[in-house]
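First the structure, in the form of structure tokens, and then the observations on it.
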Amino acid sequence: MVTDAELIEQIENLKNGKTGEVIDERIRSFDLLHKKTDLDWFKELCFCILTANFTAKGGIKIQREINDGFLTLEKPELVSELKKLNHRFPNKRAEFIVEAREYKNKIKEIICSFPNEFEAREWMTKNIKGLKYKEASHFLRNVGYKNVAIIDRHVLNLLRKQEMINRVPKTLTRKTYLEIECSLKNIAKKLDLTLSELDLYIWFVETGKVLK
């Protein structure tokens with residue numbers, strides 16, 4: 001078991017080394033994306049749709065390969081590209097991306113119209129197919145918001161090791177997600193980190209990698 005104190009010490013050590021520098025740079029890249037266009041935000045949204053029940057690494061590769069194709073490819077073409085790039089669910093993800101295109105020229109405007117990222121997240125989970133709390137939080141973090149948690153299996157595994165949760169749930173209800181997010185806020189506060197930063201450190205602790 002990794003205790004709360006041990007985790008905090010581990011992350012404190014990482015903050016002061018090379019990993020801290022890499023994570024700081026990643027956060028700056030999110031801040032830069034925040035200043036970009038609706039279409040840039042939409043392509044990031046497509047990445048987050050792809051990562052559901054898939055890998056971040058695989059999603060990054062697909063995003064790099066398809067890029068502007070997220071904006072223009074017809075559904076059959078998009079399905080074909082996702083198949084070639086070995087996505088697990090090419091048909092459904094292509095469907096979600098094509099349906100989400102109604103927001104491609106206004107996604108930034110819509111998200112920025114909310115007073116905070118929590119209300120924006122509620123809107124996203126209700127209006128964009130393929131997004132649950134994790135994926136919506138992932139998108140918001142990647143476009144520069146700081147205060148939502150991306151609760152994936154890496155985070156859940158770490159919390160289980162700490163005995164902060166009894167088991168890793170197969171699915172996360174809204175209530176459970178928000179409860180775990182609150183626990184993560186307490187850890188972030190002790191480390192003087194945002195939830196965005198904490199997520200990247202937890203990912204590194206669990207995987208040895210800093211992705212997005």
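Ordering of the structure tokens sets the chain letters (A, B, ...); residue numbers start at 1 within each chain; ligands are numbered from 1 in the order shown.
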Quick one: which range 34-71 of chain A residues come within 12 Å of range 153-173 of chain A, and what is the nearest atom pair for each with the distance in Å to one decimal, counting only C-alpha atoms, rows ordered by chain and ascending number, as a Markdown table?
```
| residue | atom | partner | partner_atom | distance |
| --- | --- | --- | --- | --- |
| A:Ala52 | CA | A:Arg153 | CA | 11.3 |
| A:Asn53 | CA | A:Arg153 | CA | 10.1 |
| A:Phe54 | CA | A:Arg153 | CA | 11.3 |
| A:Thr55 | CA | A:Arg153 | CA | 10.8 |
| A:Ala56 | CA | A:His154 | CA | 11.7 |
```
Residues of the last selection are to be written out with N, CA and C atoms, as a PDB file, in the first residue's frame.
```
ATOM      1  N   ALA A  52     -11.866   7.138 -24.978  1.00  0.00           N
ATOM      2  CA  ALA A  52     -12.789   6.350 -24.150  1.00  0.00           C
ATOM      3  C   ALA A  52     -12.604   4.867 -24.440  1.00  0.00           C
ATOM      4  N   ASN A  53     -12.291   4.090 -23.409  1.00  0.00           N
ATOM      5  CA  ASN A  53     -12.040   2.640 -23.551  1.00  0.00           C
ATOM      6  C   ASN A  53     -10.947   2.341 -24.568  1.00  0.00           C
ATOM      7  N   PHE A  54     -10.012   3.266 -24.674  1.00  0.00           N
ATOM      8  CA  PHE A  54      -8.869   3.125 -25.565  1.00  0.00           C
ATOM      9  C   PHE A  54      -7.674   3.673 -24.805  1.00  0.00           C
ATOM     10  N   THR A  55      -6.555   3.873 -25.472  1.00  0.00           N
ATOM     11  CA  THR A  55      -5.372   4.382 -24.787  1.00  0.00           C
ATOM     12  C   THR A  55      -5.075   5.812 -25.213  1.00  0.00           C
ATOM     13  N   ALA A  56      -4.502   6.589 -24.303  1.00  0.00           N
ATOM     14  CA  ALA A  56      -4.097   7.951 -24.650  1.00  0.00           C
ATOM     15  C   ALA A  56      -3.035   7.929 -25.745  1.00  0.00           C
TER      16      ALA A  56
END
```
Problem set entry | Surrounding residues of Lys134 in chain A excluding itself and chain neighbours under 2 positions, 9 Å, only C-alpha atoms, as a count of residues only | 12
Seminar exercise, completed: With distances taken over only C-alpha atoms, the candidate from A:Leu71, A:Val205, A:Val148, A:Cys112 nearest Ala188 in chain A is A:Val148
Problem set entry | Long-range neighbours of Asp40 in chain A as an NGL selection string, 10 Å cut-off, only C-alpha atoms, 4 positions minimum in chain | :A and (33-36 or 44-45 or 67-68 or 71 or 104-105 or 107-108 or 143)
Exercise. Please, which residues of range 114-200 of chain A, numbered as in this document, come out alpha helix (DSSP H) from DSSP, as an MDAnalysis selection string?
Worked result: chainID A and resid 117:127 133:142 153:161 174:191 195:200
Exercise. Neighbours of Leu85 in chain A within 10 Å (only C-alpha atoms; same-chain residues fewer than 4 positions away dropped), as a list in words?
Worked result: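 After dropping sequence-adjacent residues, the list is Gly58, Gly59, Lys61, Ile62, Glu65, Ile66, Val79, Ser80, Glu81 and Pro90 of chain A.
Distance check against Leu39 in chain A using only C-alpha atoms: of A:Lys126, A:Lys106, A:Lys189, A:Lys146, the minimum falls on A:Lys106.
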For this session: Compile the contact shell of Ala120 in chain A as a PyMOL selection string: residues with an atom at most 12 Å away, counting only C-alpha atoms, same-chain residues fewer than 2 positions apart removed.
Result: chain A and resi 107-118+122-128+133+136-137+139-141+145+147-148
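Residue nearest Asp199 in chain A, chosen from A:Phe89, A:Arg174, A:Asn142, A:Phe96 and counting only C-alpha atoms: A:Asn142.
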Exercise. Which one is closest to Asp31 in chain A: A:Ile8, A:Cys46, A:Ser196, A:Gly144? Count only C-alpha atoms.
Worked result: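 Looking only at the distances to Asp31 in chain A, the closest residue turns out to be A:Gly144.
Computed from the coordinates, the CA of Phe47 in chain A to CA of Lys175 in chain A distance equals 25.5 Å.
Take CA of Lys75 in chain A and CA of Val98 in chain A: the distance between them is 6.5 Å.
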Exercise. Which one of A:Glu135, A:Glu206, A:Glu197, A:Asp24 sits closest to Ile49 in chain A if you count only C-alpha atoms?
Worked result: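 Under the stated criterion, the closest residue is A:Glu135.
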